[in-house]
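Next comes target23.cif, a file with mmCIF, C-alpha atoms; chains and numbers go by the auth columns.
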data_final
#
loop_
_atom_site.group_PDB
_atom_site.id
_atom_site.type_symbol
_atom_site.label_atom_id
_atom_site.label_comp_id
_atom_site.label_asym_id
_atom_site.label_seq_id
_atom_site.Cartn_x
_atom_site.Cartn_y
_atom_site.Cartn_z
_atom_site.B_iso_or_equiv
_atom_site.auth_seq_id
_atom_site.auth_asym_id
ATOM 1 C CA MET A 1 50.275 20.193 31.403 0.00 1 A
ATOM 2 C CA ASN A 2 51.779 23.674 31.142 0.00 2 A
ATOM 3 C CA THR A 3 53.354 25.642 33.991 0.00 3 A
ATOM 4 C CA PHE A 4 50.339 27.923 34.509 0.00 4 A
ATOM 5 C CA GLU A 5 47.926 24.978 34.944 0.00 5 A
ATOM 6 C CA CYS A 6 50.325 23.220 37.252 0.00 6 A
ATOM 7 C CA CYS A 7 50.588 26.274 39.490 0.00 7 A
ATOM 8 C CA LEU A 8 46.812 26.672 39.685 0.00 8 A
ATOM 9 C CA LEU A 9 46.077 23.043 40.496 0.00 9 A
ATOM 10 C CA THR A 10 48.758 22.561 43.084 0.00 10 A
ATOM 11 C CA PRO A 11 47.281 24.703 45.872 0.00 11 A
ATOM 12 C CA PHE A 12 43.794 23.189 45.416 0.00 12 A
ATOM 13 C CA SER A 13 44.761 19.570 44.722 0.00 13 A
ATOM 14 C CA PHE A 14 43.877 18.450 48.230 0.00 14 A
ATOM 15 C CA LEU A 15 40.223 19.535 47.578 0.00 15 A
ATOM 16 C CA LEU A 16 39.741 17.361 44.466 0.00 16 A
ATOM 17 C CA PRO A 17 38.897 14.105 46.290 0.00 17 A
ATOM 18 C CA LEU A 18 36.382 15.951 48.459 0.00 18 A
ATOM 19 C CA HIS A 19 34.783 17.594 45.402 0.00 19 A
ATOM 20 C CA PHE A 20 34.743 14.220 43.616 0.00 20 A
ATOM 21 C CA SER A 21 32.908 12.584 46.490 0.00 21 A
ATOM 22 C CA GLN A 22 30.357 15.421 46.652 0.00 22 A
ATOM 23 C CA LEU A 23 29.632 15.065 42.915 0.00 23 A
ATOM 24 C CA GLU A 24 29.100 11.326 43.296 0.00 24 A
ATOM 25 C CA ASP A 25 26.674 11.940 46.179 0.00 25 A
ATOM 26 C CA GLU A 26 24.750 14.538 44.142 0.00 26 A
ATOM 27 C CA ILE A 27 24.508 12.187 41.178 0.00 27 A
ATOM 28 C CA SER A 28 23.248 9.395 43.430 0.00 28 A
ATOM 29 C CA THR A 29 20.644 11.711 44.970 0.00 29 A
ATOM 30 C CA LEU A 30 19.521 12.906 41.507 0.00 30 A
ATOM 31 C CA ARG A 31 19.138 9.288 40.350 0.00 31 A
ATOM 32 C CA GLN A 32 16.959 8.510 43.381 0.00 32 A
ATOM 33 C CA VAL A 33 14.824 11.606 42.778 0.00 33 A
ATOM 34 C CA LEU A 34 14.489 10.732 39.090 0.00 34 A
ATOM 35 C CA ALA A 35 13.464 7.141 39.906 0.00 35 A
ATOM 36 C CA ALA A 36 10.830 8.392 42.351 0.00 36 A
ATOM 37 C CA LYS A 37 9.468 10.858 39.791 0.00 37 A
ATOM 38 C CA GLU A 38 9.347 8.163 37.084 0.00 38 A
ATOM 39 C CA LYS A 39 7.438 5.878 39.461 0.00 39 A
ATOM 40 C CA HIS A 40 5.010 8.695 40.259 0.00 40 A
ATOM 41 C CA LEU A 41 4.560 9.352 36.507 0.00 41 A
ATOM 42 C CA VAL A 42 3.688 5.686 35.889 0.00 42 A
ATOM 43 C CA GLU A 43 1.079 5.828 38.658 0.00 43 A
ATOM 44 C CA ILE A 44 -0.496 8.965 37.159 0.00 44 A
ATOM 45 C CA LYS A 45 -0.565 7.392 33.683 0.00 45 A
ATOM 46 C CA GLN A 46 -2.337 4.334 35.088 0.00 46 A
ATOM 47 C CA LYS A 47 -4.937 6.542 36.768 0.00 47 A
ATOM 48 C CA LEU A 48 -5.471 8.463 33.517 0.00 48 A
ATOM 49 C CA GLY A 49 -5.741 5.249 31.503 0.00 49 A
ATOM 50 C CA ILE A 50 -2.732 6.047 29.332 0.00 50 A
ATOM 51 C CA SER A 51 -1.248 2.811 28.067 0.00 51 A
ATOM 52 C CA LEU A 52 2.013 2.081 26.352 0.00 52 A
ATOM 53 C CA MET A 53 0.117 1.511 23.098 0.00 53 A
ATOM 54 C CA ASN A 54 -1.486 4.963 23.293 0.00 54 A
ATOM 55 C CA GLU A 55 1.908 6.540 23.881 0.00 55 A
ATOM 56 C CA LEU A 56 3.382 4.670 20.929 0.00 56 A
ATOM 57 C CA LYS A 57 0.494 5.825 18.701 0.00 57 A
ATOM 58 C CA GLN A 58 0.958 9.432 19.795 0.00 58 A
ATOM 59 C CA ASN A 59 4.714 9.266 19.277 0.00 59 A
ATOM 60 C CA PHE A 60 4.252 7.697 15.852 0.00 60 A
ATOM 61 C CA SER A 61 1.663 10.301 14.843 0.00 61 A
ATOM 62 C CA LYS A 62 3.895 13.128 15.983 0.00 62 A
ATOM 63 C CA SER A 63 6.929 11.656 14.203 0.00 63 A
ATOM 64 C CA TRP A 64 4.888 11.123 11.013 0.00 64 A
ATOM 65 C CA HIS A 65 3.631 14.717 11.147 0.00 65 A
ATOM 66 C CA ASP A 66 7.140 16.032 11.779 0.00 66 A
ATOM 67 C CA MET A 67 8.479 14.029 8.847 0.00 67 A
ATOM 68 C CA GLN A 68 5.721 15.286 6.518 0.00 68 A
ATOM 69 C CA THR A 69 6.640 18.871 7.255 0.00 69 A
ATOM 70 C CA THR A 70 10.292 18.434 6.244 0.00 70 A
ATOM 71 C CA SER A 71 11.411 19.908 2.950 0.00 71 A
ATOM 72 C CA ALA A 72 12.875 16.562 1.836 0.00 72 A
ATOM 73 C CA TYR A 73 9.495 14.855 2.247 0.00 73 A
ATOM 74 C CA LYS A 74 7.714 17.651 0.428 0.00 74 A
ATOM 75 C CA LYS A 75 10.166 17.501 -2.489 0.00 75 A
ATOM 76 C CA THR A 76 9.911 13.703 -2.676 0.00 76 A
ATOM 77 C CA HIS A 77 6.110 13.812 -2.515 0.00 77 A
ATOM 78 C CA GLU A 78 5.982 16.443 -5.240 0.00 78 A
ATOM 79 C CA THR A 79 8.403 14.497 -7.461 0.00 79 A
ATOM 80 C CA LEU A 80 6.540 11.205 -7.046 0.00 80 A
ATOM 81 C CA SER A 81 3.211 12.890 -7.662 0.00 81 A
ATOM 82 C CA HIS A 82 4.536 14.433 -10.861 0.00 82 A
ATOM 83 C CA ALA A 83 5.999 11.075 -11.933 0.00 83 A
ATOM 84 C CA GLY A 84 2.648 9.390 -11.273 0.00 84 A
ATOM 85 C CA GLN A 85 0.869 11.934 -13.447 0.00 85 A
ATOM 86 C CA LYS A 86 3.405 11.372 -16.238 0.00 86 A
ATOM 87 C CA ALA A 87 3.034 7.591 -15.945 0.00 87 A
ATOM 88 C CA THR A 88 -0.765 7.864 -16.073 0.00 88 A
ATOM 89 C CA ALA A 89 -0.556 9.991 -19.209 0.00 89 A
ATOM 90 C CA ALA A 90 1.898 7.548 -20.811 0.00 90 A
ATOM 91 C CA ILE A 91 -0.310 4.542 -20.023 0.00 91 A
ATOM 92 C CA SER A 92 -3.315 6.374 -21.420 0.00 92 A
ATOM 93 C CA ASN A 93 -1.385 7.115 -24.621 0.00 93 A
ATOM 94 C CA VAL A 94 -0.349 3.465 -24.926 0.00 94 A
ATOM 95 C CA GLY A 95 -3.984 2.363 -24.456 0.00 95 A
ATOM 96 C CA THR A 96 -5.123 4.794 -27.126 0.00 96 A
ATOM 97 C CA ALA A 97 -2.421 3.586 -29.520 0.00 97 A
ATOM 98 C CA ILE A 98 -3.367 -0.062 -28.926 0.00 98 A
ATOM 99 C CA SER A 99 -7.055 0.705 -29.509 0.00 99 A
ATOM 100 C CA LYS A 100 -6.188 2.504 -32.726 0.00 100 A
ATOM 101 C CA LYS A 101 -4.019 -0.416 -33.876 0.00 101 A
ATOM 102 C CA PHE A 102 -6.834 -2.901 -33.155 0.00 102 A
ATOM 103 C CA GLY A 103 -9.230 -0.680 -35.103 0.00 103 A
ATOM 104 C CA ASP A 104 -6.786 -0.495 -38.006 0.00 104 A
ATOM 105 C CA MET A 105 -6.256 -4.248 -37.854 0.00 105 A
ATOM 106 C CA ARG A 106 -9.992 -4.896 -37.881 0.00 106 A
ATOM 107 C CA ASN A 107 -10.349 -2.814 -41.017 0.00 107 A
ATOM 108 C CA SER A 108 -7.417 -4.542 -42.721 0.00 108 A
ATOM 109 C CA PRO A 109 -7.998 -6.863 -45.686 0.00 109 A
ATOM 110 C CA THR A 110 -6.476 -9.806 -43.785 0.00 110 A
ATOM 111 C CA PHE A 111 -8.958 -9.481 -40.933 0.00 111 A
ATOM 112 C CA LYS A 112 -11.872 -8.981 -43.338 0.00 112 A
ATOM 113 C CA SER A 113 -10.848 -12.182 -45.125 0.00 113 A
ATOM 114 C CA PHE A 114 -10.613 -14.038 -41.792 0.00 114 A
ATOM 115 C CA GLU A 115 -14.018 -12.656 -40.759 0.00 115 A
ATOM 116 C CA GLU A 116 -15.596 -13.873 -43.998 0.00 116 A
ATOM 117 C CA LYS A 117 -14.056 -17.332 -43.594 0.00 117 A
ATOM 118 C CA VAL A 118 -15.396 -17.635 -40.038 0.00 118 A
ATOM 119 C CA GLU A 119 -18.863 -16.504 -41.147 0.00 119 A
ATOM 120 C CA THR A 120 -18.824 -19.000 -44.004 0.00 120 A
ATOM 121 C CA THR A 121 -17.678 -21.821 -41.708 0.00 121 A
ATOM 122 C CA VAL A 122 -20.310 -21.053 -39.088 0.00 122 A
ATOM 123 C CA THR A 123 -23.046 -20.802 -41.722 0.00 123 A
ATOM 124 C CA SER A 124 -21.916 -24.099 -43.208 0.00 124 A
ATOM 125 C CA LEU A 125 -21.901 -25.788 -39.803 0.00 125 A
ATOM 126 C CA LYS A 126 -25.356 -24.443 -38.975 0.00 126 A
ATOM 127 C CA THR A 127 -26.699 -25.744 -42.264 0.00 127 A
ATOM 128 C CA LYS A 128 -25.184 -29.203 -41.683 0.00 128 A
ATOM 129 C CA VAL A 129 -26.463 -29.392 -38.109 0.00 129 A
ATOM 130 C CA GLY A 130 -29.915 -28.351 -39.211 0.00 130 A
ATOM 131 C CA GLY A 131 -30.059 -24.793 -37.982 0.00 131 A
ATOM 132 C CA THR A 132 -31.295 -21.865 -39.986 0.00 132 A
ATOM 133 C CA SER A 133 -28.904 -20.231 -42.349 0.00 133 A
ATOM 134 C CA ASN A 134 -28.258 -16.574 -41.579 0.00 134 A
ATOM 135 C CA THR A 135 -26.443 -15.270 -44.581 0.00 135 A
ATOM 136 C CA GLY A 136 -24.671 -11.962 -44.443 0.00 136 A
ATOM 137 C CA GLY A 137 -24.473 -11.757 -40.601 0.00 137 A
ATOM 138 C CA SER A 138 -21.687 -9.695 -39.088 0.00 138 A
ATOM 139 C CA PHE A 139 -18.804 -11.214 -37.195 0.00 139 A
ATOM 140 C CA GLU A 140 -20.307 -10.058 -33.861 0.00 140 A
ATOM 141 C CA GLU A 141 -23.681 -11.625 -34.735 0.00 141 A
ATOM 142 C CA VAL A 142 -22.018 -14.921 -35.622 0.00 142 A
ATOM 143 C CA LEU A 143 -20.044 -14.949 -32.370 0.00 143 A
ATOM 144 C CA SER A 144 -23.146 -14.005 -30.392 0.00 144 A
ATOM 145 C CA SER A 145 -25.261 -16.735 -32.001 0.00 145 A
ATOM 146 C CA THR A 146 -22.490 -19.275 -31.433 0.00 146 A
ATOM 147 C CA ALA A 147 -22.252 -18.302 -27.776 0.00 147 A
ATOM 148 C CA HIS A 148 -26.053 -18.475 -27.461 0.00 148 A
ATOM 149 C CA ALA A 149 -26.123 -21.922 -29.095 0.00 149 A
ATOM 150 C CA SER A 150 -23.352 -23.085 -26.754 0.00 150 A
ATOM 151 C CA ALA A 151 -25.298 -21.836 -23.724 0.00 151 A
ATOM 152 C CA GLN A 152 -28.447 -23.571 -24.935 0.00 152 A
ATOM 153 C CA SER A 153 -26.646 -26.875 -25.406 0.00 153 A
ATOM 154 C CA SER A 154 -25.196 -26.729 -21.897 0.00 154 A
ATOM 155 C CA LEU A 155 -28.662 -26.013 -20.465 0.00 155 A
ATOM 156 C CA ALA A 156 -30.130 -28.901 -22.459 0.00 156 A
ATOM 157 C CA GLY A 157 -27.985 -31.334 -20.464 0.00 157 A
ATOM 158 C CA THR A 158 -29.545 -30.138 -17.180 0.00 158 A
ATOM 159 C CA ARG A 159 -32.345 -32.421 -15.965 0.00 159 A
ATOM 160 C CA VAL A 160 -35.421 -30.805 -14.380 0.00 160 A
ATOM 161 C CA PRO A 161 -37.142 -32.894 -11.669 0.00 161 A
ATOM 162 C CA GLU A 162 -40.616 -33.997 -12.750 0.00 162 A
ATOM 163 C CA SER A 163 -42.238 -34.929 -9.447 0.00 163 A
ATOM 164 C CA GLU A 164 -42.341 -33.707 -5.878 0.00 164 A
ATOM 165 C CA GLU A 165 -40.592 -36.895 -4.722 0.00 165 A
ATOM 166 C CA GLU A 166 -37.584 -36.135 -6.921 0.00 166 A
ATOM 167 C CA LEU A 167 -37.355 -32.660 -5.433 0.00 167 A
ATOM 168 C CA GLN A 168 -37.229 -34.025 -1.879 0.00 168 A
ATOM 169 C CA CYS A 169 -34.392 -36.478 -2.516 0.00 169 A
#
Any chance you could give the structure as structure tokens?
Amino acid sequence: MNTFECCLLTPFSFLLPLHFSQLEDEISTLRQVLAAKEKHLVEIKQKLGISLMNELKQNFSKSWHDMQTTSAYKKTHETLSHAGQKATAAISNVGTAISKKFGDMRNSPTFKSFEEKVETTVTSLKTKVGGTSNTGGSFEEVLSSTAHASAQSSLAGTRVPESEEELQC
């Protein structure tokens, strides 16, 4: 403490305990007033039907709105939106490239040879089983007829009730 401060405090030092006690009393009174006002507020909220959940929802909504208006949120939203658009375009390009590759593969000599072998095998199997021989069918037609034949054979194993008594059991 410097000399100037010491000289100022010395004549009024006897008042400090009195001032301290007054401040404590004021603080105590303010706490009592605040407690009474908080109690009164709770009573009013109950009468208005305001619940803790409603307050939490309002606070959350306000906080969410405040956050959305910040420049950091706007920059992040803009960046993520742009990144999403880029990712969508990239995925679309990959899908197009894969479709093109499948088309190229389908037109390749290896696939044509495989397609012919499958058609020949299916035709041969149909002939041996007793079905009609469809020569020159496309790969899709062969697959479709095979799927149809498979569906028919699974339906053939299903027994249909012949009498009303069988239906009731």
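Distance-wise, atom CA of Phe102 of chain A and atom CA of Phe114 of chain A end up 14.6 Å apart.
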Atomic distance atom CA of Ser145 of chain A - atom CA of Val122 of chain A, expressed in Å with one decimal: 9.7 Å
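In this structure, atom CA of Leu143 of chain A sits 9.0 Å away from atom CA of Glu119 of chain A.
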Once the PyMOL selection byres ((chain A and resi 115) around 12) is applied to the coordinates I shared, what remains selected? I want it as a PyMOL selection string. chain A and resi 105-114+116-122+136-143
Give, as JSON, the centre coordinates and the x, y and z edge lengths in Å to one decimal for an axis-aligned box around all listed atoms of segment 105-108 of chain A, padded by 6 Å on each side.
{"center_x": -8.3, "center_y": -3.9, "center_z": -40.3, "size_x": 16.1, "size_y": 14.1, "size_z": 16.9}
